[in-house]
Amino acid sequence: MLETLAAAFAALMTAEHLGYMLLGVSVGLVVGVIPGLGGIAGLSLLVPFLYGMEPISALGMLIGLVAVIPTSDTFASVLMGIPGSSASQATVLDGFPLAKSGQAARALSAAFISSLFGGVVGALILTGFVLIARPLILMFGSAELFMLALFGLSMVAVLAGRSLPKGLAACSIGLLIGAIGGAPATGEFRMIFDTEYLYDGIPLVIVGLGLFAVPEISDLLRRNSAIAQGSVIGAGWLRGFLDWWRNIFLSVRCAGIGCMIGAIPGLGGSVVDWIAYGHAVQTTRKDPQFGKGDIRGVVAPESANNAMQGGALLPTMLFGIPGSGSMAVFLGGMVLIGIEPGPSMVGPDLNVTYSIIWSLALANIMGAGICIALAQPISRLTAIPFPFLAPCMIALICFAAFQATRDLADLVALLALGLVGILMKRFGWPRPALLIGYVLSPQAETYFYQALQFNGWDFLLRPGVIIIGLMTLASVWFGLRNRVDDTGTAAGAAASRASRGVQILFAAAMLGFFAVTLWDTTQHSFLGAVFPVGVGVVGLVFAAILLVHLWRGHDDHPAFYDYEIVGDHAESDDNGWFWTGPAWIAGLVAATALVGFYVSMILFFIAFLRLRARAGWVTTLTMTAGAAAFVLGLAWMLSLNFPYGLLQQSYDLPWPFR
Amino acid sequence: MTGFFDITRRGAIAALIGGAAALALGGAAQAQVSFEGKTIEWIIPFSAGGGSDTWARFNAPFLSKYLPGNPTVVVVNEPGGGSTKGTNLFAARAKPDGLTILGTSGSTQFPYLLGDPRVRYEYADWKIVMASPTGGVAYTSPSTGVTSAAEIGKLKGQKLVYASQGATSLDLVPLLGFKMMGLDVQHVFGFKGRGDGRLAFERGETNIDYQTSSAYLKNVTPLVEAGTAVPLFSWGALDEDGNLVRDPTFPDLPHFGEAYQMATGQAPSGPEYDAYFAFFTAGFPAQKMVFLPKDTPQEIVDAYQAAVTAMKQDPEYHATKEAVLGTYEQVTGKAAQALYTKGTVISPELRKQVVDMLTAEYNVKLGE
């Protein structure tokens, strides 16, 4: 045993290995900074180098890449409110408000130190855990996985906002969006409305960007200021470190949670950050400011998501089952190097396993170190007047969005979900509740069906199910007590009553959505329809309750909320048109449909900088050329084609215009 | 901006257009096919990291090495619609200049064979470059009382549970196979891969399963040694004449036909077997195929086939291929042509028979 450990350690500490790891880390950092790319794109960049490499070095490179993505994706989440990847969606909730109040460097350093710490703790846990992991992982059957999905859904209690019916209706919408596409039990396609794009369901990256990034961009676009309203942008490095130090136990707990959830195959990494966030909220007594810029809301998910990558290695290495997209790519890389995952990874190949786990810890240290050094200069981005940042951000999220299926429909879906996100933000519908519902929908449905098939209703009596069930109840209890409320006060509600009409209209539209999904289920078999029917009825009921609240509720009923009335921008009279943001994005999407993405992006930059930012021609052309070259370089490296429009269908153009 | 184009992989756009023109004008003059300075796009209609992606990324550098003019070969992932999207795109847009090739998988063949409305491609249009076979082994739990392949008959009348990825996925082959054998198998759907299914088997949730060859060797052999799994049969391989034979990776295991005979006392035949056989071929011996688009000139097809034949002789290819591709030989030439025909042609009656059965028993609706 000790010999194995020593051998693994020796293999790790060679200059060659460290060099390749640094290469992997650097690529991972660059790829992670750009939202939507993630590990899959990064690996495509590294694969050509894998041939003929010594396996341990090749693994180091891959690990370096995979490990740092949840570190560097924090830049976009904190600075721009764009969820950098599915692992840092929850970071947006408090990280971005911190950036807006000029504390970007503080939030970033706290995040990176948490990432570093989480990654290292994760690796430590794994060092011992890997030996007993196989039997433990096998204890999680479909029944237990279903209960874990429920446990994840219980986080909605925390994130439901001031009006519970709104929260539950939002969660139901998420569950239904997640159910679009093939039914797990029968494969029949639900809610596709004859649209080929919907056969596969709506990709996570689109939902995340639409709900979180588009509303923020749209908000910022209406003001002509920078993201940061304060003036302490660069400062706060030390403060971030102290913030983390004061919450070190939260950080340890969240790293543990992340590691364990990552290790259970089937739940998927996308909820880890939310569970950690929910855990932070549930256990915070002192002065919670969640949703408004509480540093604990940054520390918790960031500690968890790096540890999660470590945990996710276990099912990948021991069973060959990738827990996430980037793990799938990692698995592919392992096979290319000639390492086949399986039980031997804890037998004869244990030294490989250990060098993987410790590479992970090392990569986390390298990555977080580089990020901390970069935090201060990069956080100055938030001081740039937004009209200049906006076209870059819009191009970036569109670029990120079409990574999903490389289709124009990705952009249309982004726009549609963006509109939903904008309105949800305005009327105080909790977007995290929707996202959690969306992420867990396939798991909840699939595992429930499978558990019933395997165990019948007896599955409810399994000890694991009962334990997780009790945890879920406790989570709901604590969650409801400490609900995150970023939507203001009773006075705000009273003031918001003024726009009751539009609020009712939006709620009615959501009610309509439930009605449409219920209508759709009438065309499906029992097994295909039972889940959407159940969720649809629940959603319908809560939407109806909400309508009653809005219709007849007393003057300061918590259901009333309109950001246009109570938002901190409301007093200022420098606000642009409410639909400015979506209009520009819609313009870009429409142009893409006509002339393809690359041409549209260039036109969009010129138009935006000239008309909206009122920049001079020199600035306009320099920025446009820079952005065009950047996107072209990325596309070239990833060998991808841009979404095409009518022009490309009629004429055969050379890349990148085709 | 124009300066930038020169260094892109599609760099020599002018040369490309020129090349196309030369192809069109040259006619008889095109003695030698050369892709020098060109970039070949290998469309993989799946996302990065999956089996098909790994397979393509493994083969791409060798293809580049042996194609005339040593072009750059890049793998372009176009996932979506269970691989129908990228394949439709290839069918609609690829030009017959040898610069775009397609890698398909069983998941591309099956919707085509089943008549999925999303399919807008026609296999018969294309020219095959090579086929990569794969195999698999079915095994059961000792709790069924079966201790060796010879006792497969004991499974009859027992309640078997199988973890399936879906009735129209590659798991259609075991579904049809088990059904023919008269086994009473409850297919539980919604699994994300065979690995997921194996986990359910290890947890004791299912009692019959199959794994592809490399996964079987690495992950199920230890279970067999520990006495928690009993191998039943391999799906088998096809010889040069298209006959079902034992899988060379598992010479000691009966193939499906033999197992069928053990279970039922007679050799498999009839329309049910024909239907099974079409899907089996598309799913195993002809699982992954490389195609050139419609109307590709014979010189280009020849150049590709020669490259693949040369690639198979490369010692480096030999050394590393087993880890990625298993022990199966890559198939080229006539044999590939035979596999391609067998794996992509199904009579309308057989198709209807399978689709009707899936609809009646598993509520399968293909699209609209």
# chains A, B, ... in the order shown; residues from 1 in each chain; ligands from 1
>>> residues_around(residues="range 210-215 of chain A", least_positions_apart="6", cutoff="7 Å", atoms="only C-alpha atoms", output="list in words")
Gly81, Ile82, Pro83, Leu414, Leu415, Leu417, Gly418, Gly421, Ile422 and Arg431 of chain A
>>> atom_distance(atom1="CA of Phe330 in chain A", atom2="CA of Ile63 in chain A")
8.0 Å
>>> select_by_dssp(residues="range 107-301 of chain B", states="alpha helix (DSSP H)", output="VMD selection string")
chain B and resid 107 to 114 172 to 181 194 to 202 213 to 215 221 to 226 256 to 264 271 to 283 298 to 301
>>> interface_residues(of="chain B", to="chain A", cutoff="6 Å", atoms="only C-alpha atoms", output="ChimeraX atom specification")
/B:49,54,81,189-190,195,203,218-219,323,365
>>> write_last_selection(atoms="C-alpha atoms", output="tab-separated table (two decimals), in the first residue's frame")
chain	number	residue	atom	x	y	z
B	49	GLY	CA	-16.15	12.03	-25.64
B	54	THR	CA	-13.02	8.39	-29.61
B	81	GLY	CA	-31.44	14.08	-32.83
B	189	PHE	CA	-35.74	1.74	-20.08
B	190	GLY	CA	-34.05	5.04	-19.48
B	195	GLY	CA	-22.11	1.07	-18.32
B	203	ARG	CA	-26.52	-3.80	-7.79
B	218	LYS	CA	-12.39	-5.21	-18.31
B	219	ASN	CA	-15.50	-5.06	-16.15
B	323	ALA	CA	-7.19	-0.52	-26.45
B	365	LYS	CA	-43.86	6.09	-31.60
>>> atom_distance(atom1="CA of Gly539 in chain A", atom2="CA of Val484 in chain A")
21.0 Å
>>> residues_around(residues="range 271-284 of chain A", least_positions_apart="4", cutoff="8 Å", atoms="only C-alpha atoms", output="ChimeraX atom specification")
/A:87-91,152,155,158-159,250,254,257-258,261-262,267,288,290,296-297,300-302,304-305,308,436,439-440,475,478-479,481-484
>>> atom_distance(atom1="CA of Ala375 in chain A", atom2="CA of Pro387 in chain A")
22.5 Å
>>> residues_around(residues="His557 in chain A", least_positions_apart="3", cutoff="9 Å", atoms="only C-alpha atoms", output="list in words")
Ser163, Ala490, Ala493, Ala494, Arg497, His549, Leu550, Gly553, His554 and Phe560 of chain A
>>> residues_around(residues="Asp562 in chain A", least_positions_apart="3", cutoff="7 Å", atoms="only C-alpha atoms", output="PDB file with N, CA, C and O atoms, in the first residue's frame")
ATOM      1  N   ARG A 426     -38.263  40.392 -13.439  1.00  0.00           N
ATOM      2  CA  ARG A 426     -39.058  41.590 -13.189  1.00  0.00           C
ATOM      3  C   ARG A 426     -40.174  41.316 -12.186  1.00  0.00           C
ATOM      4  O   ARG A 426     -40.432  42.124 -11.289  1.00  0.00           O
ATOM      5  N   PHE A 427     -40.835  40.182 -12.327  1.00  0.00           N
ATOM      6  CA  PHE A 427     -41.999  39.925 -11.473  1.00  0.00           C
ATOM      7  C   PHE A 427     -41.676  39.058 -10.264  1.00  0.00           C
ATOM      8  O   PHE A 427     -42.562  38.520  -9.625  1.00  0.00           O
ATOM      9  N   GLY A 428     -40.390  38.902  -9.959  1.00  0.00           N
ATOM     10  CA  GLY A 428     -40.017  38.213  -8.733  1.00  0.00           C
ATOM     11  C   GLY A 428     -40.285  36.725  -8.724  1.00  0.00           C
ATOM     12  O   GLY A 428     -40.549  36.146  -7.681  1.00  0.00           O
ATOM     13  N   SER A 496     -45.523  47.713  -5.410  1.00  0.00           N
ATOM     14  CA  SER A 496     -45.584  46.906  -6.638  1.00  0.00           C
ATOM     15  C   SER A 496     -47.019  46.645  -7.076  1.00  0.00           C
ATOM     16  O   SER A 496     -47.262  46.265  -8.212  1.00  0.00           O
ATOM     17  N   ILE A 565     -40.630  48.822 -10.393  1.00  0.00           N
ATOM     18  CA  ILE A 565     -41.110  49.806  -9.421  1.00  0.00           C
ATOM     19  C   ILE A 565     -40.202  49.874  -8.202  1.00  0.00           C
ATOM     20  O   ILE A 565     -39.880  50.946  -7.705  1.00  0.00           O
ATOM     21  N   VAL A 566     -39.738  48.683  -7.748  1.00  0.00           N
ATOM     22  CA  VAL A 566     -38.951  48.687  -6.509  1.00  0.00           C
ATOM     23  C   VAL A 566     -37.456  48.502  -6.727  1.00  0.00           C
ATOM     24  O   VAL A 566     -36.679  48.603  -5.791  1.00  0.00           O
TER      25      VAL A 566
END
>>> residues_around(residues="Thr344 in chain B", least_positions_apart="5", cutoff="7 Å", atoms="only C-alpha atoms", output="PyMOL selection string")
chain B and resi 109+113+123+282
>>> closest_residue(among="B:Tyr304, B:Phe62, B:Phe284, B:Phe279", to="Leu350 in chain B", atoms="only C-alpha atoms")
B:Phe279
>>> residues_around(residues="Gln158 in chain B", least_positions_apart="2", cutoff="9 Å", atoms="only C-alpha atoms", output="PDB file with C-alpha atoms, in the first residue's frame")
ATOM      1  CA  THR B 144     -31.137 -17.658 -12.131  1.00  0.00           C
ATOM      2  CA  LYS B 154     -33.068 -22.857 -17.739  1.00  0.00           C
ATOM      3  CA  LEU B 155     -33.745 -19.171 -18.291  1.00  0.00           C
ATOM      4  CA  LYS B 156     -37.026 -19.960 -19.973  1.00  0.00           C
ATOM      5  CA  LEU B 160     -35.621 -11.727 -16.289  1.00  0.00           C
ATOM      6  CA  LEU B 183     -37.177 -15.478 -22.809  1.00  0.00           C
ATOM      7  CA  ASP B 184     -39.518 -13.494 -20.586  1.00  0.00           C
ATOM      8  CA  VAL B 185     -37.523 -10.282 -20.221  1.00  0.00           C
TER       9      VAL B 185
END
>>> closest_residue(among="A:Asp568, A:Gln376, A:Phe604, A:Leu37", to="Ala590 in chain A", atoms="only C-alpha atoms")
A:Phe604
>>> select_by_dssp(residues="range 141-247 of chain B", states="strand (DSSP E or B)", output="list of chain:residue names")
B:Leu160, B:Val161, B:Tyr162, B:Ala163, B:Val185, B:Gln186, B:His187, B:Val188, B:Ile208, B:Asp209, B:Tyr210, B:Gln211, B:Thr212, B:Val230, B:Pro231, B:Leu232, B:Phe233, B:Ser234, B:Ala237, B:Leu238, B:Leu244, B:Val245
>>> closest_residue(among="A:Gly122, A:Gly167, A:Gly42, A:Pro463", to="Ala307 in chain A", atoms="only C-alpha atoms")
A:Gly122
>>> closest_residue(among="A:Trp358, A:Phe112, A:Phe605, A:Phe117", to="Met13 in chain A", atoms="only C-alpha atoms")
A:Trp358
